[in-house]
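work_29.txt follows; it contains compact mmCIF, C-alpha atoms (C1' of nucleotides).
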# COMPACT_ATOMS: atom_id res chain seq x y z
CA MET A 1 -81.81 132.54 59.65
CA THR A 2 -80.16 129.87 61.83
CA ASP A 3 -76.46 129.08 61.80
CA ASP A 4 -76.57 126.08 59.51
CA ASP A 5 -78.28 128.26 56.96
CA HIS A 6 -74.87 129.57 55.95
CA VAL A 7 -73.65 126.05 55.30
CA PHE A 8 -76.48 125.08 52.98
CA ARG A 9 -76.46 128.36 51.09
CA ALA A 10 -72.72 127.99 50.66
CA LEU A 11 -73.14 124.51 49.21
CA ALA A 12 -75.84 125.67 46.80
CA ASP A 13 -73.39 127.05 44.27
CA PRO A 14 -71.50 124.72 41.89
CA THR A 15 -68.38 126.90 41.91
CA ARG A 16 -68.18 126.68 45.68
CA ARG A 17 -68.64 122.91 45.58
CA PHE A 18 -65.81 122.72 43.06
CA LEU A 19 -63.62 124.75 45.40
CA LEU A 20 -64.36 122.23 48.13
CA ASP A 21 -63.44 119.46 45.70
CA LEU A 22 -60.09 121.13 45.07
CA LEU A 23 -59.45 121.50 48.80
CA PHE A 24 -60.54 117.90 49.34
CA GLN A 25 -57.80 116.78 46.96
CA ARG A 26 -55.18 119.00 48.55
CA ASP A 27 -55.44 121.41 51.47
CA GLY A 28 -53.60 124.63 52.26
CA ARG A 29 -54.05 126.33 48.94
CA THR A 30 -53.86 130.03 48.30
CA LEU A 31 -56.39 132.19 46.48
CA LYS A 32 -54.13 132.53 43.45
CA ASP A 33 -53.79 128.78 43.32
CA LEU A 34 -57.53 128.17 43.47
CA GLU A 35 -58.28 130.97 41.05
CA SER A 36 -56.09 129.46 38.35
CA GLY A 37 -58.38 126.44 38.08
CA LEU A 38 -61.53 128.45 37.43
CA ALA A 39 -62.86 130.44 34.48
CA MET A 40 -63.71 133.42 36.64
CA THR A 41 -62.07 136.58 37.88
CA ARG A 42 -60.19 136.64 41.15
CA PHE A 43 -62.99 138.64 42.74
CA GLY A 44 -65.59 136.02 42.05
CA VAL A 45 -63.43 133.30 43.59
CA MET A 46 -62.70 135.51 46.58
CA LYS A 47 -66.40 136.10 47.19
CA HIS A 48 -67.05 132.37 47.04
CA LEU A 49 -64.23 131.61 49.47
CA ARG A 50 -65.63 134.22 51.81
CA VAL A 51 -69.01 132.50 51.77
CA LEU A 52 -67.39 129.12 52.43
CA GLU A 53 -65.39 130.57 55.30
CA ASP A 54 -68.42 132.22 56.87
CA ALA A 55 -70.15 128.87 56.70
CA GLY A 56 -67.25 127.18 58.47
CA LEU A 57 -66.72 124.83 55.54
CA VAL A 58 -63.30 126.35 54.96
CA VAL A 59 -60.88 127.55 57.61
CA THR A 60 -57.95 129.81 56.82
CA ARG A 61 -54.51 130.63 58.14
CA ARG A 62 -52.46 133.68 57.24
CA SER A 63 -48.85 133.24 56.23
CA GLY A 64 -47.22 136.53 55.32
CA ARG A 65 -49.12 138.01 52.42
CA GLU A 66 -50.69 134.65 51.62
CA LYS A 67 -53.89 133.14 52.98
CA LEU A 68 -54.03 129.37 53.13
CA HIS A 69 -57.37 127.57 52.84
CA TYR A 70 -58.28 124.28 54.49
CA LEU A 71 -61.36 122.09 54.21
CA ASN A 72 -63.37 121.59 57.40
CA PRO A 73 -65.49 118.42 57.19
CA VAL A 74 -67.45 118.97 60.40
CA PRO A 75 -70.45 120.83 58.91
CA ILE A 76 -70.76 118.15 56.23
CA ARG A 77 -70.93 115.47 58.88
CA LEU A 78 -73.63 117.39 60.73
CA ILE A 79 -75.77 117.50 57.58
CA HIS A 80 -75.48 113.73 57.40
CA ASP A 81 -76.45 113.25 61.02
CA ARG A 82 -79.47 115.52 60.70
CA TRP A 83 -81.42 113.26 58.35
CA ILE A 84 -79.71 109.89 58.63
CA ASP A 85 -80.18 107.99 61.86
CA LYS A 86 -78.56 104.67 62.71
CA TYR A 87 -81.40 102.71 61.14
CA ARG A 88 -81.36 104.55 57.83
CA GLU A 89 -77.57 104.53 57.78
CA ARG A 90 -77.52 100.74 57.67
CA GLU A 91 -80.07 100.71 54.86
CA VAL A 92 -78.30 103.36 52.79
CA SER A 93 -74.84 101.88 53.27
CA ALA A 94 -76.07 98.48 52.17
CA LEU A 95 -77.82 99.97 49.16
CA LEU A 96 -74.82 101.98 48.03
CA ALA A 97 -72.49 99.03 48.55
CA LEU A 98 -74.76 96.89 46.41
CA LYS A 99 -74.83 99.56 43.74
CA ALA A 100 -71.03 99.88 43.79
CA ASP A 101 -70.81 96.11 43.47
CA LEU A 102 -73.06 96.09 40.41
CA GLU A 103 -71.12 98.94 38.83
CA SER A 104 -67.83 97.09 39.22
CA LYS A 105 -69.30 93.96 37.64
CA LYS A 106 -70.61 96.02 34.76
CA ASP A 107 -67.10 97.34 34.13
CA LYS A 108 -65.47 93.93 34.01
CA PRO A 109 -68.06 91.20 33.39
CA SER A 110 -67.06 87.69 34.34
CA MET B 1 -75.59 122.01 35.82
CA THR B 2 -74.90 118.44 36.92
CA ASP B 3 -77.43 116.15 38.56
CA ASP B 4 -76.42 116.76 42.15
CA ASP B 5 -77.01 120.43 41.55
CA HIS B 6 -80.71 119.82 42.17
CA VAL B 7 -79.94 118.30 45.55
CA PHE B 8 -77.87 121.20 46.83
CA ARG B 9 -80.22 123.84 45.50
CA ALA B 10 -83.09 121.99 47.14
CA LEU B 11 -81.30 121.99 50.48
CA ALA B 12 -80.50 125.71 50.25
CA ASP B 13 -83.94 126.78 51.45
CA PRO B 14 -84.86 126.64 55.17
CA THR B 15 -88.49 125.78 54.44
CA ARG B 16 -87.43 122.76 52.41
CA ARG B 17 -85.05 121.64 55.15
CA PHE B 18 -87.90 121.91 57.64
CA LEU B 19 -90.04 119.75 55.36
CA LEU B 20 -87.28 117.15 55.40
CA ASP B 21 -87.23 117.41 59.19
CA LEU B 22 -90.95 116.71 59.28
CA LEU B 23 -90.56 113.71 56.99
CA PHE B 24 -87.59 112.54 59.04
CA GLN B 25 -89.84 112.40 62.08
CA ARG B 26 -92.62 110.62 60.23
CA ASP B 27 -92.88 109.50 56.63
CA GLY B 28 -95.85 109.14 54.30
CA ARG B 29 -97.38 112.54 54.88
CA THR B 30 -99.75 114.33 52.54
CA LEU B 31 -99.46 117.88 51.26
CA LYS B 32 -102.33 119.04 53.47
CA ASP B 33 -100.58 117.52 56.46
CA LEU B 34 -97.26 119.21 55.73
CA GLU B 35 -98.92 122.49 54.85
CA SER B 36 -100.61 122.74 58.24
CA GLY B 37 -97.25 123.02 59.98
CA LEU B 38 -96.06 126.00 57.94
CA ALA B 39 -96.94 129.68 57.83
CA MET B 40 -97.29 129.63 54.07
CA THR B 41 -99.93 129.02 51.45
CA ARG B 42 -100.47 125.58 49.99
CA PHE B 43 -98.88 126.69 46.73
CA GLY B 44 -95.62 127.61 48.36
CA VAL B 45 -95.37 124.25 50.09
CA MET B 46 -96.27 122.48 46.85
CA LYS B 47 -93.48 124.26 44.99
CA HIS B 48 -91.00 123.29 47.68
CA LEU B 49 -92.08 119.66 47.62
CA ARG B 50 -91.71 119.67 43.87
CA VAL B 51 -88.13 120.87 44.19
CA LEU B 52 -87.38 118.21 46.80
CA GLU B 53 -88.89 115.54 44.60
CA ASP B 54 -86.94 116.63 41.53
CA ALA B 55 -83.80 116.42 43.64
CA GLY B 56 -84.65 112.87 44.70
CA LEU B 57 -84.66 113.88 48.36
CA VAL B 58 -88.36 113.05 48.55
CA VAL B 59 -90.13 110.21 46.81
CA THR B 60 -93.90 110.09 46.43
CA ARG B 61 -96.68 107.55 46.06
CA ARG B 62 -100.22 108.28 44.93
CA SER B 63 -103.11 106.94 46.92
CA GLY B 64 -106.48 108.00 45.53
CA ARG B 65 -106.64 111.74 45.61
CA GLU B 66 -103.79 111.92 48.07
CA LYS B 67 -100.06 112.03 47.43
CA LEU B 68 -97.84 110.55 50.09
CA HIS B 69 -94.32 111.89 50.63
CA TYR B 70 -91.32 109.89 51.85
CA LEU B 71 -87.79 110.92 52.76
CA ASN B 72 -84.98 109.45 50.66
CA PRO B 73 -81.67 109.55 52.54
CA VAL B 74 -79.46 108.41 49.64
CA PRO B 75 -78.56 111.86 48.27
CA ILE B 76 -77.64 113.01 51.77
CA ARG B 77 -75.27 110.11 52.16
CA LEU B 78 -73.65 110.92 48.81
CA ILE B 79 -72.96 114.47 49.98
CA HIS B 80 -71.18 113.03 52.99
CA ASP B 81 -69.10 110.64 50.92
CA ARG B 82 -68.06 113.39 48.51
CA TRP B 83 -65.99 115.36 51.02
CA ILE B 84 -65.41 112.94 53.89
CA ASP B 85 -63.05 110.06 53.26
CA LYS B 86 -62.26 107.29 55.72
CA TYR B 87 -59.44 109.27 57.30
CA ARG B 88 -61.44 112.42 57.88
CA GLU B 89 -64.44 110.40 59.04
CA ARG B 90 -62.46 109.02 61.97
CA GLU B 91 -61.26 112.50 62.90
CA VAL B 92 -64.70 114.08 62.67
CA SER B 93 -66.47 111.29 64.52
CA ALA B 94 -63.99 111.52 67.36
CA LEU B 95 -64.31 115.28 67.50
CA LEU B 96 -68.10 115.25 67.54
CA ALA B 97 -68.17 112.51 70.14
CA LEU B 98 -65.88 114.56 72.34
CA LYS B 99 -68.06 117.60 71.88
CA ALA B 100 -71.21 115.64 72.75
CA ASP B 101 -69.45 114.34 75.83
CA LEU B 102 -68.57 117.85 76.98
CA GLU B 103 -72.10 119.07 76.32
CA SER B 104 -73.60 116.32 78.46
CA LYS B 105 -71.22 117.13 81.31
CA LYS B 106 -72.16 120.78 81.04
CA ASP B 107 -75.85 119.88 81.41
CA LYS B 108 -75.39 117.81 84.57
CA PRO B 109 -72.09 118.72 86.25
CA SER B 110 -70.73 116.16 88.68
C1' DA C 1 -36.85 152.53 48.27
C1' DC C 2 -39.95 150.62 45.07
C1' DA C 3 -41.96 147.61 41.81
C1' DA C 4 -44.29 143.29 41.78
C1' DT C 5 -47.25 140.29 44.13
C1' DA C 6 -51.22 138.50 47.10
C1' DG C 7 -55.21 139.83 48.96
C1' DG C 8 -59.36 143.01 50.02
C1' DT C 9 -63.65 146.46 49.63
C1' DG C 10 -67.93 148.75 47.92
C1' DA C 11 -70.89 149.61 44.21
C1' DC C 12 -73.26 148.00 40.31
C1' DT C 13 -76.09 144.87 36.89
C1' DA C 14 -78.36 140.74 35.22
C1' DT C 15 -80.53 136.79 36.55
C1' DA C 16 -82.51 133.27 39.82
C1' DT C 17 -85.54 132.30 43.48
C1' DG C 18 -89.50 132.38 46.99
C1' DG C 19 -94.08 133.31 47.57
C1' DT C 20 -98.88 134.45 46.12
C1' DC C 21 -103.03 134.34 43.32
C1' DA C 22 -106.75 133.07 39.83
C1' DC C 23 -108.07 129.21 37.88
C1' DC C 24 -108.24 124.07 36.61
C1' DT C 25 -108.40 118.59 37.28
C1' DG C 26 -109.35 114.42 39.59
C1' DT C 27 -111.47 111.79 43.65
C1' DC C 28 -114.42 110.83 47.52
C1' DA C 29 -118.88 110.62 50.20
C1' DA C 30 -123.81 111.57 51.08
C1' DT D 1 -124.76 113.55 40.88
C1' DT D 2 -123.14 117.14 43.00
C1' DG D 3 -120.70 119.57 46.43
C1' DA D 4 -116.55 119.35 49.09
C1' DC D 5 -111.85 118.07 49.16
C1' DA D 6 -106.79 117.07 47.69
C1' DG D 7 -103.83 118.30 44.41
C1' DG D 8 -101.92 120.94 40.20
C1' DT D 9 -100.58 124.88 36.57
C1' DG D 10 -99.03 129.35 34.68
C1' DA D 11 -98.29 134.03 35.39
C1' DC D 12 -96.77 137.52 38.28
C1' DC D 13 -93.81 140.48 41.68
C1' DA D 14 -90.27 141.42 45.21
C1' DT D 15 -86.00 140.16 46.70
C1' DA D 16 -81.51 137.57 46.82
C1' DT D 17 -77.54 136.11 44.46
C1' DA D 18 -73.42 135.61 41.07
C1' DG D 19 -70.17 137.98 38.76
C1' DT D 20 -67.47 142.12 37.33
C1' DC D 21 -64.99 146.41 37.88
C1' DA D 22 -62.40 150.52 39.76
C1' DC D 23 -59.79 151.23 43.41
C1' DC D 24 -57.16 150.23 47.92
C1' DT D 25 -53.75 147.79 51.52
C1' DA D 26 -50.04 144.83 52.99
C1' DT D 27 -45.95 141.98 52.13
C1' DT D 28 -42.02 140.38 49.52
C1' DG D 29 -37.52 140.48 46.88
C1' DT D 30 -33.98 143.07 44.69

Go through the file and emit its structure as C-alpha cells.
Amino acid sequence: MTDDDHVFRALADPTRRFLLDLLFQRDGRTLKDLESGLAMTRFGVMKHLRVLEDAGLVVTRRSGREKLHYLNPVPIRLIHDRWIDKYREREVSALLALKADLESKKDKPS
Amino acid sequence: MTDDDHVFRALADPTRRFLLDLLFQRDGRTLKDLESGLAMTRFGVMKHLRVLEDAGLVVTRRSGREKLHYLNPVPIRLIHDRWIDKYREREVSALLALKADLESKKDKPS
DNA sequence: ACAATAGGTGACTATATGGTCACCTGTCAA
DNA sequence: TTGACAGGTGACCATATAGTCACCTATTGT
C-alpha cells in the first residue's frame, strides 16, 4: 500500500529482526557471513535481506563479488515519531527508566 | 515466538496501524466509534483490536456495555531502543532535522 | 584457463493471515 | 420486561508469506 508498509512487513518476521540484530552489533557483513548464523538455507536468508533492503532498513554496497550490508536506523526512528509525541515521550522515558532502576535493584539488593 | 513477536505482527497490518493513528489522535474510543471510520465490518475491526491488545499496543477499560481503547506507547519505544543506540540516535535526529528543514524551505522559498 | 566462491532468479508447496458471516451474551432505556 | 444496542465467538474461504530447490551469472586466485 503506502511506502512504510514495506518497513512494517519487513519487521514482522523474526528472522529478519534477528538479521537486524546482527547488523546492529556489527555492520558491513556479507550474505555468507549472515547465513552462517542462521538455521536456514542461503536462499531463505537472501530473500529476507531483499525484503529488508526494499524496506530501506538495510542498505548495501557492492565490493567485487561480495555485497556488504549495513543497518539504516532512519525508518525505525520514523516509526517512533509516528505514535510518540513529545508529551508521551517524557512519560515513556520516565517509566522505562524507573523500570530499569527497579530491575537493577532486584539484581543486587542493598 | 518471543513476546515482542506479537508487537511486530500487530504492526504489520495497515488497518491496525490506522487504528493506532486514530487512537493517537484521541484515546478512549469504543469499537463502534473506531468501526465507523473503516470500510470493514465490525468483526474485522474487532479482530484487529484484539491483536493490538494482545500485543500490548492497546489497553482497554470496560465501562458498562462499552469497551474503551487506549494507545500504549511503551512497545513502540522499545522497538526504537532495540536498534537505535545513543550514537545512532544523534545521527538520525540530525539527519531528520535537516530533512525537515529542507522540506519547509521547499514549501515557502525565500 | 578454470575451478572455487559469492551472489541471484523463478517456480513450487505448506502454512499463516485478513475478512466475513451466523449466531450468542451482557447492558441500557422506555 | 422487552426491544435495541455494544460487544463477543467459532467456523469458514481467499490470499499472502516463508522456505526450499534446480539452475544461472559474475568474480577471484592459482

Distance table requested - segment 9-51 of chain B against segment 14-23 of chain C, cut-off 8 Å, only C-alpha atoms (C1' of nucleotides): one row per qualifying residue with the closest atom pair and its distance in Å to one decimal, ordered by chain and rising residue number, as a tab-separated table.
residue	atom	partner	partner_atom	distance
B:Thr41	CA	C:DT20	C1'	7.7
B:Phe43	CA	C:DT20	C1'	7.8
B:Gly44	CA	C:DG19	C1'	6.0

Neighbour list for segment 13-27 of chain B as number ranges by chain, cut-off 9 Å, all atoms listed in the file, skip fewer than 2 positions in-chain: A: 1-2, 5, 8-9, 82-84; B: 9-11, 29, 34, 37-38, 45, 48-49, 51-52, 57-58, 68-71

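Atom CA of Arg65 of chain B lies 8.1 Å from atom C1' of DC28 of chain C.
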
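What chain D places within 9 Å of chain B, counting all atoms listed in the file, is D:DC5, D:DA6, D:DG7, D:DG8.
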
For chain C versus chain A, which residues have an atom no more than 12 Å away, and what is each residue's nearest atom pair and distance in Å rounded to one decimal, using all atoms listed in the file, chain-then-number order, as a tab-separated table?
residue	atom	partner	partner_atom	distance
C:DT5	C1'	A:Arg65	CA	8.8
C:DA6	C1'	A:Arg65	CA	5.7
C:DG7	C1'	A:Arg65	CA	7.2
C:DG8	C1'	A:Met46	CA	8.9
C:DT9	C1'	A:Phe43	CA	10.4
C:DA16	C1'	A:Asp13	CA	11.9

Under the rule that all atoms listed in the file are counted, which of B:His80, B:Arg50, B:Arg62, B:Lys105 is the nearest residue to Val92 of chain B? B:His80

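In this model, the gap between atom CA of Glu91 of chain A and atom CA of Gly56 of chain B comes to 16.5 Å.
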
Separation of atom C1' of DG10 of chain C and atom CA of Glu35 of chain A, in Å? 21.4 Å

Of A:Glu53, A:Glu103, A:Asp33, A:Asp3, the one sitting nearest chain B when using all atoms listed in the file is A:Asp3

May I ask which of the residues A:Ala55, A:Ala100, A:Ala94, A:Ile79 is the closest one to chain B, counting only C-alpha atoms? A:Ile79

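Distances from A:Met40, A:Val59, A:Leu102, A:Leu95 to Pro75 of chain A were compared using all atoms listed in the file, and the smallest one belongs to A:Val59.
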
Any chance you could model N, CA and C atoms for segment 33-62 of chain B and send them as a JSON list (two decimals), keeping the file's coordinate frame?
[["chain", "number", "residue", "atom", "x", "y", "z"],
["B", 33, "ASP", "N", -101.21, 117.76, 55.16],
["B", 33, "ASP", "CA", -100.58, 117.52, 56.46],
["B", 33, "ASP", "C", -99.36, 118.42, 56.64],
["B", 34, "LEU", "N", -98.48, 118.42, 55.64],
["B", 34, "LEU", "CA", -97.26, 119.21, 55.73],
["B", 34, "LEU", "C", -97.57, 120.70, 55.74],
["B", 35, "GLU", "N", -98.56, 121.08, 54.96],
["B", 35, "GLU", "CA", -98.92, 122.49, 54.85],
["B", 35, "GLU", "C", -99.34, 123.06, 56.20],
["B", 36, "SER", "N", -100.05, 122.25, 56.98],
["B", 36, "SER", "CA", -100.61, 122.74, 58.24],
["B", 36, "SER", "C", -99.53, 123.18, 59.23],
["B", 37, "GLY", "N", -98.31, 122.66, 59.06],
["B", 37, "GLY", "CA", -97.25, 123.02, 59.98],
["B", 37, "GLY", "C", -96.45, 124.24, 59.57],
["B", 38, "LEU", "N", -96.84, 124.88, 58.46],
["B", 38, "LEU", "CA", -96.06, 126.00, 57.94],
["B", 38, "LEU", "C", -96.90, 127.25, 57.77],
["B", 39, "ALA", "N", -96.28, 128.39, 58.01],
["B", 39, "ALA", "CA", -96.94, 129.68, 57.83],
["B", 39, "ALA", "C", -96.78, 130.11, 56.38],
["B", 40, "MET", "N", -97.46, 129.41, 55.50],
["B", 40, "MET", "CA", -97.29, 129.63, 54.07],
["B", 40, "MET", "C", -98.50, 129.05, 53.36],
["B", 41, "THR", "N", -98.79, 129.56, 52.19],
["B", 41, "THR", "CA", -99.93, 129.02, 51.45],
["B", 41, "THR", "C", -99.60, 127.63, 50.92],
["B", 42, "ARG", "N", -100.63, 126.93, 50.53],
["B", 42, "ARG", "CA", -100.47, 125.58, 49.99],
["B", 42, "ARG", "C", -99.56, 125.58, 48.77],
["B", 43, "PHE", "N", -99.64, 126.64, 47.97],
["B", 43, "PHE", "CA", -98.88, 126.69, 46.73],
["B", 43, "PHE", "C", -97.38, 126.77, 46.98],
["B", 44, "GLY", "N", -97.03, 127.53, 48.00],
["B", 44, "GLY", "CA", -95.62, 127.61, 48.36],
["B", 44, "GLY", "C", -95.08, 126.26, 48.76],
["B", 45, "VAL", "N", -95.80, 125.57, 49.63],
["B", 45, "VAL", "CA", -95.37, 124.25, 50.09],
["B", 45, "VAL", "C", -95.28, 123.29, 48.91],
["B", 46, "MET", "N", -96.26, 123.38, 48.01],
["B", 46, "MET", "CA", -96.27, 122.48, 46.85],
["B", 46, "MET", "C", -95.03, 122.70, 45.99],
["B", 47, "LYS", "N", -94.69, 123.96, 45.76],
["B", 47, "LYS", "CA", -93.48, 124.26, 44.99],
["B", 47, "LYS", "C", -92.25, 123.66, 45.65],
["B", 48, "HIS", "N", -92.16, 123.81, 46.96],
["B", 48, "HIS", "CA", -91.00, 123.29, 47.68],
["B", 48, "HIS", "C", -90.92, 121.78, 47.57],
["B", 49, "LEU", "N", -92.07, 121.12, 47.71],
["B", 49, "LEU", "CA", -92.08, 119.66, 47.62],
["B", 49, "LEU", "C", -91.68, 119.21, 46.22],
["B", 50, "ARG", "N", -92.09, 119.98, 45.24],
["B", 50, "ARG", "CA", -91.71, 119.67, 43.87],
["B", 50, "ARG", "C", -90.19, 119.70, 43.70],
["B", 51, "VAL", "N", -89.58, 120.74, 44.27],
["B", 51, "VAL", "CA", -88.13, 120.87, 44.19],
["B", 51, "VAL", "C", -87.44, 119.69, 44.89],
["B", 52, "LEU", "N", -87.95, 119.33, 46.06],
["B", 52, "LEU", "CA", -87.38, 118.21, 46.80],
["B", 52, "LEU", "C", -87.53, 116.90, 46.03],
["B", 53, "GLU", "N", -88.65, 116.77, 45.35],
["B", 53, "GLU", "CA", -88.89, 115.54, 44.60],
["B", 53, "GLU", "C", -87.98, 115.47, 43.38],
["B", 54, "ASP", "N", -87.84, 116.60, 42.69],
["B", 54, "ASP", "CA", -86.94, 116.63, 41.53],
["B", 54, "ASP", "C", -85.51, 116.31, 41.93],
["B", 55, "ALA", "N", -85.16, 116.68, 43.15],
["B", 55, "ALA", "CA", -83.80, 116.42, 43.64],
["B", 55, "ALA", "C", -83.64, 114.98, 44.11],
["B", 56, "GLY", "N", -84.73, 114.24, 44.22],
["B", 56, "GLY", "CA", -84.65, 112.87, 44.70],
["B", 56, "GLY", "C", -84.57, 112.78, 46.22],
["B", 57, "LEU", "N", -84.71, 113.90, 46.90],
["B", 57, "LEU", "CA", -84.66, 113.88, 48.36],
["B", 57, "LEU", "C", -85.98, 113.39, 48.94],
["B", 58, "VAL", "N", -87.04, 113.53, 48.15],
["B", 58, "VAL", "CA", -88.36, 113.05, 48.55],
["B", 58, "VAL", "C", -88.92, 112.20, 47.43],
["B", 59, "VAL", "N", -89.44, 111.04, 47.79],
["B", 59, "VAL", "CA", -90.13, 110.21, 46.81],
["B", 59, "VAL", "C", -91.61, 110.17, 47.18],
["B", 60, "THR", "N", -92.47, 109.99, 46.18],
["B", 60, "THR", "CA", -93.90, 110.09, 46.43],
["B", 60, "THR", "C", -94.63, 108.85, 45.92],
["B", 61, "ARG", "N", -95.82, 108.66, 46.48],
["B", 61, "ARG", "CA", -96.68, 107.55, 46.06],
["B", 61, "ARG", "C", -98.11, 108.06, 46.07],
["B", 62, "ARG", "N", -98.84, 107.82, 45.00],
["B", 62, "ARG", "CA", -100.22, 108.28, 44.93],
["B", 62, "ARG", "C", -101.13, 107.28, 45.61]]
